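One file, model-v5.txt, is given below (compact mmCIF, C-alpha atoms).
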# COMPACT_ATOMS: atom_id res chain seq x y z
CA MET A 192 18.53 7.41 -23.90
CA ASP A 193 15.96 9.64 -22.29
CA THR A 194 16.30 9.27 -18.54
CA LEU A 195 12.68 10.26 -18.01
CA THR A 196 10.17 7.50 -18.22
CA THR A 197 7.60 8.70 -20.70
CA THR A 198 6.80 11.69 -22.89
CA LYS A 199 3.46 12.46 -21.25
CA PRO A 200 3.66 14.64 -18.11
CA LEU A 201 0.81 12.91 -16.28
CA ALA A 202 2.29 9.45 -16.90
CA THR A 203 5.74 10.64 -15.79
CA TYR A 204 4.26 12.10 -12.64
CA VAL A 205 2.32 8.94 -11.83
CA VAL A 206 5.40 6.78 -12.48
CA ARG A 207 7.45 8.80 -9.95
CA HIS A 208 5.08 7.83 -7.20
CA ALA A 209 4.81 4.28 -8.47
CA ASP A 210 8.61 4.00 -8.41
CA ASP A 211 8.75 5.21 -4.80
CA ASN A 212 6.31 2.51 -3.79
CA LEU A 213 7.74 -0.32 -5.85
CA VAL A 214 11.31 0.23 -4.70
CA LEU A 215 10.27 0.55 -1.05
CA GLY A 216 8.06 -2.54 -1.39
CA GLN A 217 10.96 -4.53 -2.84
CA ARG A 218 13.31 -3.33 -0.08
CA LEU A 219 10.83 -4.41 2.58
CA SER A 220 10.34 -7.77 0.86
CA GLU A 221 14.08 -8.43 1.10
CA TYR A 222 13.77 -8.28 4.87
CA ILE A 223 10.94 -10.80 5.31
CA SER A 224 12.08 -13.62 7.64
CA TRP A 225 14.79 -11.40 9.17
CA ALA A 226 12.60 -9.30 11.46
CA PRO A 227 13.22 -9.39 15.24
CA GLU A 228 9.92 -11.19 15.88
CA LEU A 229 7.38 -13.19 13.90
CA GLU A 230 4.67 -10.51 14.19
CA GLU A 231 7.07 -8.00 12.69
CA ASP A 232 7.74 -10.29 9.74
CA LEU A 233 3.99 -10.24 9.08
CA ALA A 234 3.94 -6.46 9.45
CA ILE A 235 6.83 -6.01 7.01
CA ALA A 236 5.17 -8.35 4.50
CA ASN A 237 1.90 -6.40 4.80
CA LEU A 238 3.66 -3.06 4.36
CA ALA A 239 5.46 -4.40 1.29
CA LEU A 240 2.20 -5.70 -0.14
CA ASP A 241 0.47 -2.34 0.29
CA HIS A 242 3.32 -0.43 -1.35
CA ILE A 243 3.62 -2.85 -4.25
CA GLY A 244 -0.17 -2.78 -4.66
CA VAL A 245 -0.19 1.01 -4.89
CA ALA A 246 2.72 0.86 -7.36
CA HIS A 247 0.82 -1.66 -9.48
CA HIS A 248 -2.31 0.51 -9.67
CA LEU A 249 -0.23 3.58 -10.54
CA TYR A 250 1.78 1.76 -13.24
CA ASP A 251 -1.45 0.42 -14.74
CA TYR A 252 -2.75 3.96 -14.94
CA ALA A 253 0.52 5.35 -16.34
CA ALA A 254 0.45 2.63 -19.01
CA GLU A 255 -3.08 3.66 -20.03
CA VAL A 256 -2.12 7.33 -20.16
CA GLU A 257 1.05 6.59 -22.10
CA ASP A 258 -0.89 4.30 -24.47
CA ASP A 259 2.21 2.96 -26.11
CA GLY A 260 1.89 -0.79 -25.58
CA ARG A 261 3.89 -0.84 -22.35
CA ASP A 262 2.20 -2.42 -19.32
CA ALA A 263 2.81 -2.31 -15.56
CA ASP A 264 5.40 -5.10 -15.77
CA GLY A 265 7.18 -3.19 -18.52
CA PHE A 266 7.61 -0.26 -16.14
CA ALA A 267 8.71 -2.43 -13.24
CA PHE A 268 10.99 -4.95 -14.91
CA LEU A 269 12.24 -3.51 -18.16
CA ARG A 270 13.59 -0.11 -17.22
CA ASP A 271 17.16 0.54 -16.22
CA GLU A 272 18.39 2.28 -13.11
CA ARG A 273 18.66 5.70 -14.78
CA GLN A 274 15.00 5.48 -15.83
CA PHE A 275 13.73 4.97 -12.28
CA THR A 276 12.52 8.22 -10.75
CA ASN A 277 12.02 7.23 -7.10
CA VAL A 278 13.49 9.38 -4.34
CA GLN A 279 16.79 8.00 -3.07
CA LEU A 280 15.40 7.52 0.45
CA VAL A 281 13.37 4.45 -0.52
CA GLU A 282 16.32 2.65 -2.10
CA ARG A 283 18.56 2.95 0.96
CA PRO A 284 19.64 -0.50 2.16
CA ASN A 285 18.28 -2.51 5.09
CA THR A 286 21.29 -1.68 7.26
CA ASP A 287 19.57 -2.77 10.47
CA PHE A 288 16.05 -2.81 11.89
CA ALA A 289 16.37 0.78 13.12
CA HIS A 290 17.26 1.95 9.60
CA ILE A 291 14.30 0.06 8.16
CA MET A 292 11.86 1.65 10.59
CA ALA A 293 13.39 5.14 10.37
CA ARG A 294 13.16 4.95 6.56
CA GLN A 295 9.56 3.74 6.82
CA PHE A 296 8.68 6.46 9.31
CA PHE A 297 10.11 9.22 7.08
CA VAL A 298 8.20 7.84 4.09
CA ASP A 299 4.92 7.35 6.00
CA ALA A 300 5.05 10.86 7.46
CA TYR A 301 5.44 12.12 3.86
CA GLN A 302 2.87 9.87 2.24
CA VAL A 303 0.01 10.72 4.61
CA PRO A 304 -0.16 14.40 3.50
CA LEU A 305 0.83 13.42 -0.07
CA TRP A 306 -2.07 10.99 -0.56
CA ASP A 307 -4.47 13.30 1.28
CA ALA A 308 -3.61 16.06 -1.20
CA LEU A 309 -3.74 13.77 -4.24
CA ALA A 310 -7.10 12.41 -3.09
CA ARG A 311 -8.38 15.88 -4.01
CA SER A 312 -6.77 15.73 -7.46
CA ALA A 313 -8.79 16.88 -10.46
CA ASP A 314 -7.78 13.57 -12.03
CA GLU A 315 -10.42 11.13 -10.86
CA ARG A 316 -8.37 7.96 -11.25
CA LEU A 317 -5.37 9.35 -9.40
CA ALA A 318 -7.69 10.68 -6.67
CA GLY A 319 -9.25 7.24 -6.24
CA ILE A 320 -5.92 5.44 -5.90
CA ALA A 321 -4.68 8.14 -3.50
CA ALA A 322 -7.78 8.04 -1.29
CA LYS A 323 -7.25 4.33 -0.71
CA ALA A 324 -3.50 4.72 -0.19
CA ALA A 325 -4.10 7.54 2.33
CA LYS A 326 -5.93 5.21 4.68
CA GLU A 327 -3.19 2.61 4.41
CA ALA A 328 -0.44 5.19 4.94
CA ARG A 329 -2.08 6.28 8.22
CA TYR A 330 -1.98 2.72 9.43
CA HIS A 331 1.66 2.35 8.36
CA LEU A 332 2.56 5.56 10.16
CA ARG A 333 1.06 4.31 13.41
CA HIS A 334 3.31 1.27 13.15
CA SER A 335 6.59 2.92 12.12
CA ARG A 336 6.08 5.74 14.64
CA MET A 337 5.58 3.17 17.39
CA TRP A 338 8.96 1.61 16.55
CA VAL A 339 10.74 4.98 16.48
CA LEU A 340 9.34 5.64 19.96
CA ARG A 341 10.04 2.15 21.25
CA LEU A 342 13.63 2.02 20.03
CA GLY A 343 14.42 5.70 20.70
CA ASP A 344 13.06 5.58 24.22
CA GLY A 345 14.19 2.00 24.83
CA THR A 346 17.59 0.70 25.89
CA GLU A 347 20.89 2.50 25.48
CA GLU A 348 21.69 0.26 22.49
CA SER A 349 18.30 0.68 20.77
CA HIS A 350 18.49 4.45 21.31
CA ARG A 351 21.99 4.59 19.83
CA ARG A 352 20.90 2.63 16.78
CA MET A 353 17.72 4.62 16.12
CA GLN A 354 19.60 7.90 16.49
CA ALA A 355 22.24 6.63 14.04
CA ALA A 356 19.54 5.64 11.55
CA ILE A 357 17.76 9.01 11.83
CA ASP A 358 21.08 10.84 11.39
CA GLU A 359 22.13 8.68 8.43
CA LEU A 360 18.84 8.95 6.53
CA TRP A 361 18.15 12.62 7.25
CA ARG A 362 20.09 13.84 4.20
CA PHE A 363 17.77 11.83 1.95
CA THR A 364 14.60 13.56 3.18
CA GLY A 365 15.09 16.94 1.47
CA GLU A 366 14.35 15.42 -1.91
CA LEU A 367 10.79 14.56 -0.87
CA PHE A 368 9.84 18.24 -0.94
CA GLU A 369 11.64 19.40 -4.09
CA ALA A 370 9.48 20.96 -6.76
CA ASP A 371 10.47 20.97 -10.43
CA ASP A 372 8.89 21.91 -13.77
CA LEU A 373 6.76 18.78 -13.81
CA THR A 374 5.30 19.23 -10.33
CA ASP A 375 4.74 22.94 -11.08
CA GLU A 376 2.84 22.07 -14.23
CA LEU A 377 0.66 19.39 -12.64
CA ALA A 378 0.03 21.33 -9.44
CA ALA A 379 -1.10 24.31 -11.53
CA ALA A 380 -3.51 22.02 -13.36
CA GLY A 381 -4.98 20.84 -10.06
CA ILE A 382 -3.82 17.28 -10.77
CA GLY A 383 -0.60 17.09 -8.80
CA VAL A 384 0.60 18.55 -5.52
CA ASP A 385 3.41 21.04 -4.93
CA PRO A 386 5.88 18.89 -2.90
CA ALA A 387 7.02 21.95 -0.92
CA THR A 388 3.58 22.11 0.74
CA LEU A 389 4.16 18.67 2.27
CA GLU A 390 7.21 19.69 4.25
CA ALA A 391 5.44 21.51 7.11
CA PRO A 392 3.11 18.60 8.00
CA TRP A 393 6.03 16.19 7.62
CA ARG A 394 8.20 18.19 10.00
CA ARG A 395 5.40 18.44 12.54
CA THR A 396 4.98 14.65 12.63
CA VAL A 397 8.71 13.94 12.61
CA LEU A 398 9.84 16.51 15.17
CA ALA A 399 7.05 15.66 17.63
CA THR A 400 7.91 11.97 17.37
CA LEU A 401 11.67 12.51 17.75
CA ALA A 402 11.08 14.59 20.86
CA GLU A 403 8.79 11.99 22.38
CA ALA A 404 11.32 9.27 21.50
CA THR A 405 14.11 11.24 23.28
CA LEU A 406 15.93 11.46 19.95
CA ASP A 407 17.79 14.55 18.73
CA GLU A 408 16.84 16.37 15.55
CA PRO A 409 19.79 15.89 13.22
CA HIS A 410 22.05 18.84 12.50
CA GLU A 411 21.41 20.75 9.34
CA THR A 412 23.10 18.96 6.49
CA VAL A 413 23.50 19.06 2.73
CA MET A 414 20.51 17.27 1.26
CA ARG A 415 21.03 14.62 -1.41
CA THR A 416 19.07 14.96 -4.60
CA GLY A 417 18.69 13.48 -8.07
CA GLY A 418 16.31 10.53 -7.75
CA ARG A 419 13.49 12.23 -9.67
CA ARG A 420 15.97 12.79 -12.52
CA GLY A 421 17.15 9.18 -12.53
CA LEU A 422 20.31 9.75 -10.49
CA HIS A 423 20.59 7.17 -7.74
CA THR A 424 22.82 5.83 -5.03
CA GLU A 425 24.73 2.63 -5.67
CA ALA A 426 22.09 0.69 -3.74
CA LEU A 427 19.37 0.89 -6.41
CA GLY A 428 21.27 -1.02 -9.10
CA HIS A 429 21.70 -4.03 -6.84
CA LEU A 430 18.02 -3.99 -5.91
CA LEU A 431 16.94 -3.87 -9.56
CA ALA A 432 19.40 -6.60 -10.55
CA GLU A 433 17.67 -8.98 -8.18
CA MET A 434 14.11 -7.77 -8.81
CA GLN A 435 14.41 -7.79 -12.59
CA PHE A 436 16.54 -10.89 -13.06
CA LEU A 437 13.77 -13.27 -14.11
CA GLN A 438 12.25 -10.99 -16.77
CA ARG A 439 15.67 -10.09 -18.09
CA ALA A 440 16.86 -13.69 -18.29
CA TYR A 441 13.57 -15.09 -19.58
CA PRO A 442 11.78 -12.25 -21.40
CA GLY A 443 8.00 -12.48 -21.27
CA LEU A 444 8.01 -15.33 -18.77
CA GLU A 445 4.71 -15.77 -16.93
CA TRP A 446 3.88 -17.97 -13.97
CA MET B 382 -27.65 -18.36 -25.66
CA VAL B 383 -28.78 -17.12 -22.30
CA THR B 384 -30.17 -13.63 -21.96
CA ALA B 385 -28.77 -11.92 -18.92
CA THR B 386 -30.47 -9.53 -16.59
CA ALA B 387 -28.63 -7.62 -13.90
CA ALA B 388 -30.78 -9.23 -11.21
CA ARG B 389 -29.97 -12.74 -12.44
CA VAL B 390 -26.26 -11.90 -12.61
CA ARG B 391 -26.34 -10.62 -9.02
CA GLU B 392 -28.04 -13.83 -7.94
CA ILE B 393 -25.27 -15.91 -9.52
CA LEU B 394 -22.58 -13.69 -8.00
CA ASP B 395 -24.07 -14.32 -4.55
CA ALA B 396 -22.20 -17.60 -4.72
CA VAL B 397 -18.83 -15.87 -5.15
CA VAL B 398 -17.11 -15.63 -1.80
CA ASP B 399 -13.96 -13.90 -0.65
CA PRO B 400 -11.13 -16.45 -0.99
CA GLU B 401 -9.63 -15.43 2.36
CA ILE B 402 -12.89 -15.06 4.33
CA PRO B 403 -15.17 -17.64 2.73
CA VAL B 404 -18.17 -16.83 4.96
CA LEU B 405 -18.61 -13.51 3.17
CA THR B 406 -19.65 -13.04 -0.42
CA ILE B 407 -18.09 -10.29 -2.49
CA ALA B 408 -21.45 -8.49 -2.23
CA ASP B 409 -21.40 -8.76 1.60
CA LEU B 410 -17.93 -7.23 1.66
CA GLY B 411 -18.82 -4.35 -0.64
CA ILE B 412 -16.27 -5.49 -3.23
CA LEU B 413 -19.03 -5.90 -5.83
CA ARG B 414 -19.81 -2.36 -6.96
CA ASP B 415 -22.02 -2.68 -9.97
CA VAL B 416 -23.61 -5.12 -12.41
CA ALA B 417 -24.79 -4.00 -15.82
CA VAL B 418 -25.99 -5.77 -18.92
CA ASP B 419 -25.80 -3.87 -22.18
CA ASP B 420 -28.10 -4.23 -25.21
CA ASP B 421 -25.94 -6.94 -26.76
CA GLY B 422 -26.21 -9.06 -23.61
CA ARG B 423 -22.67 -8.29 -22.55
CA VAL B 424 -22.24 -8.44 -18.79
CA VAL B 425 -20.10 -5.80 -17.11
CA VAL B 426 -19.24 -6.45 -13.47
CA THR B 427 -17.45 -3.71 -11.54
CA ILE B 428 -15.43 -4.55 -8.45
CA THR B 429 -13.30 -2.47 -6.11
CA PRO B 430 -10.22 -3.61 -4.18
CA THR B 431 -10.31 -3.71 -0.39
CA TYR B 432 -6.60 -3.00 0.10
CA SER B 433 -4.28 -1.69 -2.63
CA GLY B 434 -2.16 -4.80 -2.44
CA CYS B 435 -4.96 -7.30 -1.92
CA PRO B 436 -3.61 -10.45 -3.60
CA ALA B 437 -7.13 -11.89 -3.84
CA MET B 438 -8.33 -9.43 -6.50
CA ASP B 439 -7.08 -11.46 -9.45
CA LEU B 440 -8.64 -14.59 -8.01
CA ILE B 441 -11.94 -12.79 -7.38
CA ARG B 442 -11.96 -11.60 -10.98
CA GLU B 443 -11.47 -15.20 -12.15
CA GLU B 444 -14.15 -16.49 -9.77
CA VAL B 445 -16.66 -13.97 -11.14
CA GLU B 446 -15.92 -15.06 -14.70
CA ARG B 447 -16.05 -18.72 -13.76
CA ALA B 448 -19.37 -18.42 -11.91
CA LEU B 449 -21.00 -16.61 -14.81
CA ALA B 450 -19.53 -19.01 -17.39
CA ALA B 451 -20.98 -21.93 -15.43
CA HIS B 452 -24.41 -20.39 -16.00
CA GLY B 453 -23.85 -19.80 -19.68
CA TYR B 454 -22.64 -16.20 -19.60
CA HIS B 455 -19.42 -15.97 -21.55
CA ASP B 456 -19.42 -12.37 -22.74
CA VAL B 457 -18.26 -10.91 -19.44
CA GLU B 458 -16.02 -8.00 -18.58
CA VAL B 459 -14.79 -7.44 -15.03
CA ARG B 460 -13.79 -3.84 -14.40
CA THR B 461 -12.00 -2.38 -11.41
CA THR B 462 -12.93 0.97 -9.94
CA PHE B 463 -11.20 3.01 -7.23
CA SER B 464 -13.70 5.67 -6.46
CA PRO B 465 -15.24 5.95 -4.09
CA PRO B 466 -12.62 3.92 -2.21
CA TRP B 467 -13.72 0.80 -0.41
CA SER B 468 -14.44 1.20 3.28
CA THR B 469 -15.44 -1.20 6.02
CA ASP B 470 -18.41 1.15 6.58
CA LEU B 471 -19.89 -0.42 3.44
CA MET B 472 -20.17 -3.77 5.18
CA SER B 473 -23.74 -4.64 6.17
CA GLU B 474 -24.75 -5.52 9.75
CA GLU B 475 -25.58 -8.99 8.49
CA ALA B 476 -22.08 -9.34 7.05
CA LYS B 477 -20.56 -8.20 10.34
CA GLU B 478 -22.60 -10.80 12.22
CA LYS B 479 -21.39 -13.51 9.80
CA LEU B 480 -17.81 -12.45 10.50
CA ARG B 481 -18.33 -12.60 14.26
CA ALA B 482 -19.89 -16.07 14.05
CA TYR B 483 -16.87 -17.15 11.98
CA GLY B 484 -14.54 -16.01 14.81
CA ILE B 485 -13.39 -12.67 13.38
CA ALA B 486 -14.19 -9.49 15.32
CA PRO B 487 -15.95 -7.25 12.78
CA PRO B 488 -14.85 -3.69 11.97
CA ARG B 489 -16.28 -1.09 14.35
CA SER B 490 -18.16 2.02 13.29
CA GLY B 491 -15.95 4.23 15.51
CA ASP B 492 -12.56 4.05 17.21
CA ASP B 493 -14.11 4.62 20.66
CA GLU B 494 -16.02 1.33 20.58
CA PRO B 495 -14.25 -1.62 22.20
CA ILE B 496 -13.14 -4.53 20.03
CA ARG B 497 -15.11 -7.38 21.56
CA CYS B 498 -13.93 -10.98 21.68
CA PRO B 499 -15.94 -12.84 19.01
CA ARG B 500 -16.02 -15.95 21.26
CA CYS B 501 -17.21 -14.62 24.63
CA GLY B 502 -18.15 -11.00 23.89
CA GLU B 503 -15.64 -9.60 26.39
CA PRO B 504 -14.83 -5.93 25.62
CA SER B 505 -11.44 -6.09 27.31
CA THR B 506 -9.08 -7.29 24.56
CA ARG B 507 -5.62 -6.29 23.44
CA THR B 508 -3.70 -6.11 20.19
CA VAL B 509 -0.97 -8.71 19.75
CA ALA B 510 0.04 -7.57 16.27
CA ARG B 511 -1.33 -4.73 14.14
CA PHE B 512 -0.72 -6.78 11.01
CA GLY B 513 -2.22 -10.24 10.83
CA SER B 514 -2.53 -13.18 8.47
CA THR B 515 -4.05 -11.04 5.71
CA ALA B 516 -3.92 -7.33 4.89
CA CYS B 517 -7.36 -6.70 6.37
CA LYS B 518 -6.80 -8.28 9.77
CA ALA B 519 -4.97 -7.58 13.03
CA LEU B 520 -4.21 -10.21 15.65
CA MET B 521 -5.86 -9.77 19.07
CA VAL B 522 -6.25 -11.69 22.29
CA CYS B 523 -9.15 -11.75 24.77
CA GLU B 524 -8.25 -10.80 28.36
CA ARG B 525 -11.03 -12.98 29.77
CA CYS B 526 -11.15 -16.26 27.80
CA LEU B 527 -7.54 -15.76 26.58
CA GLU B 528 -8.47 -16.86 23.05
CA PRO B 529 -6.45 -15.25 20.28
CA PHE B 530 -8.61 -13.93 17.44
CA ASP B 531 -8.49 -11.86 14.27
CA HIS B 532 -9.96 -8.39 14.07
CA PHE B 533 -11.11 -7.07 10.71
CA LYS B 534 -9.47 -3.63 10.69
CA GLU B 535 -11.49 -0.49 10.09
CA LEU B 536 -10.55 1.16 6.83
Go through the file and emit its structure as structure tokens.
Amino acid sequence: MDTLTTTKPLATYVVRHADDNLVLGQRLSEYISWAPELEEDLAIANLALDHIGVAHHLYDYAAEVEDDGRDADGFAFLRDERQFTNVQLVERPNTDFAHIMARQFFVDAYQVPLWDALARSADERLAGIAAKAAKEARYHLRHSRMWVLRLGDGTEESHRRMQAAIDELWRFTGELFEADDLTDELAAAGIGVDPATLEAPWRRTVLATLAEATLDEPHETVMRTGGRRGLHTEALGHLLAEMQFLQRAYPGLEW
Amino acid sequence: MVTATAARVREILDAVVDPEIPVLTIADLGILRDVAVDDDGRVVVTITPTYSGCPAMDLIREEVERALAAHGYHDVEVRTTFSPPWSTDLMSEEAKEKLRAYGIAPPRSGDDEPIRCPRCGEPSTRTVARFGSTACKALMVCERCLEPFDHFKEL
């Protein structure tokens, strides 16, 4: 079976970004009611809602472009692990609160320049979705950055945990900036963005925040890759098993 | 058979309120983008989401259809548009005043303005939680009257 999601480049490109947001939204949803304080539960639920909302709009668009009878739910619930093209970072488990916020911070620092660039896309629909998402991503970044600072520059224990989370997740950040034939093609057409151009703004945000949080920049490491080609860590399969259970067990069920 | 005009449709839609902030109509909020009636009498209503994940959008779509059906308009299509993206800048001064009277501090025009307590007008207030009971609100508290209140976030 083709590991890519669709035969049309634009739809495949849109689905990549939808997958990032759906998987992260589902991960955040898993954590609701476990946050360290009630306000944070609300924050996590709101973050999840924004990411799932963006995913929904992108899947709707991909379905229209693909024009093959598949709808947004078809993309979300009826594809297997190898057909998901999210970066591995977003599927990483909710190890502890520091991991959740470090993961969020890395994603937010990437999505702000990503959506800003896509808001200038020659594709009007994609630009519209991105322009809205850009505003939300800025708000998310303010929140996740605050937690990196608060935990990094907090107690000995919170510092230790945030440093461990940053170190653990660092190897999943290289994939965010990898270009391939698809991104080359869409960037050349003025529709997509070359992921490599997002790395400098990402590093500026991340390194300034780590320094302010008294956290060390992780040592250079071998970056993990493969998510965009459908190769995932063990964590994604478990996430999908739970998320897709209802549609798999009761096909076509609505409520 | 009722013949629709865009003006009449807008009048009917003035009764459609936001399910989460019922003092504001979808027109007040800037969710209602466009109303058109084509030659066959088909009504096309265009709306735009406030937040990407706003769970009220499906309900608003249904409310629009229901309100128009109640007045005899059954050939209705509700479209969603994303551009230009919704912004709190689209909210009218009248809408902001309605929000304040309802107990929600309205969105400001600039970040340098203070967020005033909607109860006593005090400018000295602080954020309790950046994310509140709905996607569009943050939770605040007034330093003077100590009342907690919602702030409609600028977007």
Counting all atoms listed in the file, a student should be able to say which residues of chain A come within 8 Å of chain B; what is the right answer, written as a short mmCIF file (atom, residue, chain, number, x, y, z; two decimals) with C-alpha atoms, in the frame of the given file?
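New file selection_39.cif:
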data_model
loop_
_atom_site.label_atom_id
_atom_site.label_comp_id
_atom_site.auth_asym_id
_atom_site.auth_seq_id
_atom_site.Cartn_x
_atom_site.Cartn_y
_atom_site.Cartn_z
CA GLU A 230 4.67 -10.51 14.19
CA GLU A 231 7.07 -8.00 12.69
CA LEU A 233 3.99 -10.24 9.08
CA ALA A 234 3.94 -6.46 9.45
CA ASN A 237 1.90 -6.40 4.80
CA LEU A 240 2.20 -5.70 -0.14
CA ASP A 241 0.47 -2.34 0.29
CA HIS A 242 3.32 -0.43 -1.35
CA ILE A 243 3.62 -2.85 -4.25
CA GLY A 244 -0.17 -2.78 -4.66
CA VAL A 245 -0.19 1.01 -4.89
CA HIS A 248 -2.31 0.51 -9.67
CA GLU A 315 -10.42 11.13 -10.86
CA ARG A 316 -8.37 7.96 -11.25
CA ALA A 318 -7.69 10.68 -6.67
CA GLY A 319 -9.25 7.24 -6.24
CA ILE A 320 -5.92 5.44 -5.90
CA ALA A 322 -7.78 8.04 -1.29
CA LYS A 323 -7.25 4.33 -0.71
CA ALA A 324 -3.50 4.72 -0.19
CA LYS A 326 -5.93 5.21 4.68
CA GLU A 327 -3.19 2.61 4.41
CA HIS A 334 3.31 1.27 13.15
#
Practice item. Rank nothing, just name the residue among A:Ala246, A:Leu238, A:Ala399, A:Leu430 nearest to A:Ala263, using all atoms listed in the file. Key: A:Ala246
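Picture a line from atom CA of B:Ile407 to atom CA of B:Ile441; it runs 8.2 Å.
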**Study point:** Contact residues around stretch 296-310 of chain A with all atoms listed in the file at 8 Å, ignoring same-chain residues under 5 positions, as a VMD selection string
**Key:** chain A and resid 281 317 to 322 324 to 325 328 to 329 331 to 332 335 to 336 339 364 367 382 to 384 386 389 to 390 392 to 393 396 to 397
Point to revise | For atom CA of A:Val278 and atom CA of A:Asp211, the interatomic separation in Å (one decimal) | key: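 Rounded to one decimal, the two atoms are 6.3 Å apart.
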Exercise for review: Mind checking which residues fall within 12 Å of B:Asp415, counting only C-alpha atoms, ignoring those fewer than 3 positions away in the same chain, and posting them as a list in words?
Suggested key: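 Once the adjacent positions are removed, what remains is Ala387, Ala388, Val390, Arg391, Leu394, Ile407, Ala408, Gly411, Ile412, Val418, Val424, Val425, Val426, Thr427, Ile428, Thr429, Glu458, Val459, Arg460, Thr461 and Thr462 of chain B.
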Exercise for review: To one decimal in Å, tell me the separation between atom CA of A:Lys199 and atom CA of A:Gln279.
Suggested key: 23.0 Å
Review point. Which residues, written as a list in words, have at least one atom at most 8 Å from stretch 406-421 of chain A, with all atoms listed in the file counted and residues fewer than 5 positions away on the same chain left out?
Key: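 The filter keeps Thr194, Leu195, Arg207, Glu272, Arg273, Gln274, Phe275, Thr276, Asn277, Val278, Gln279, Gly343, Asp344, His350, Gln354, Ile357, Asp358, Trp361, Arg362, Phe363, Thr364, Gly365, Glu366, Leu398 and Leu401 of chain A.
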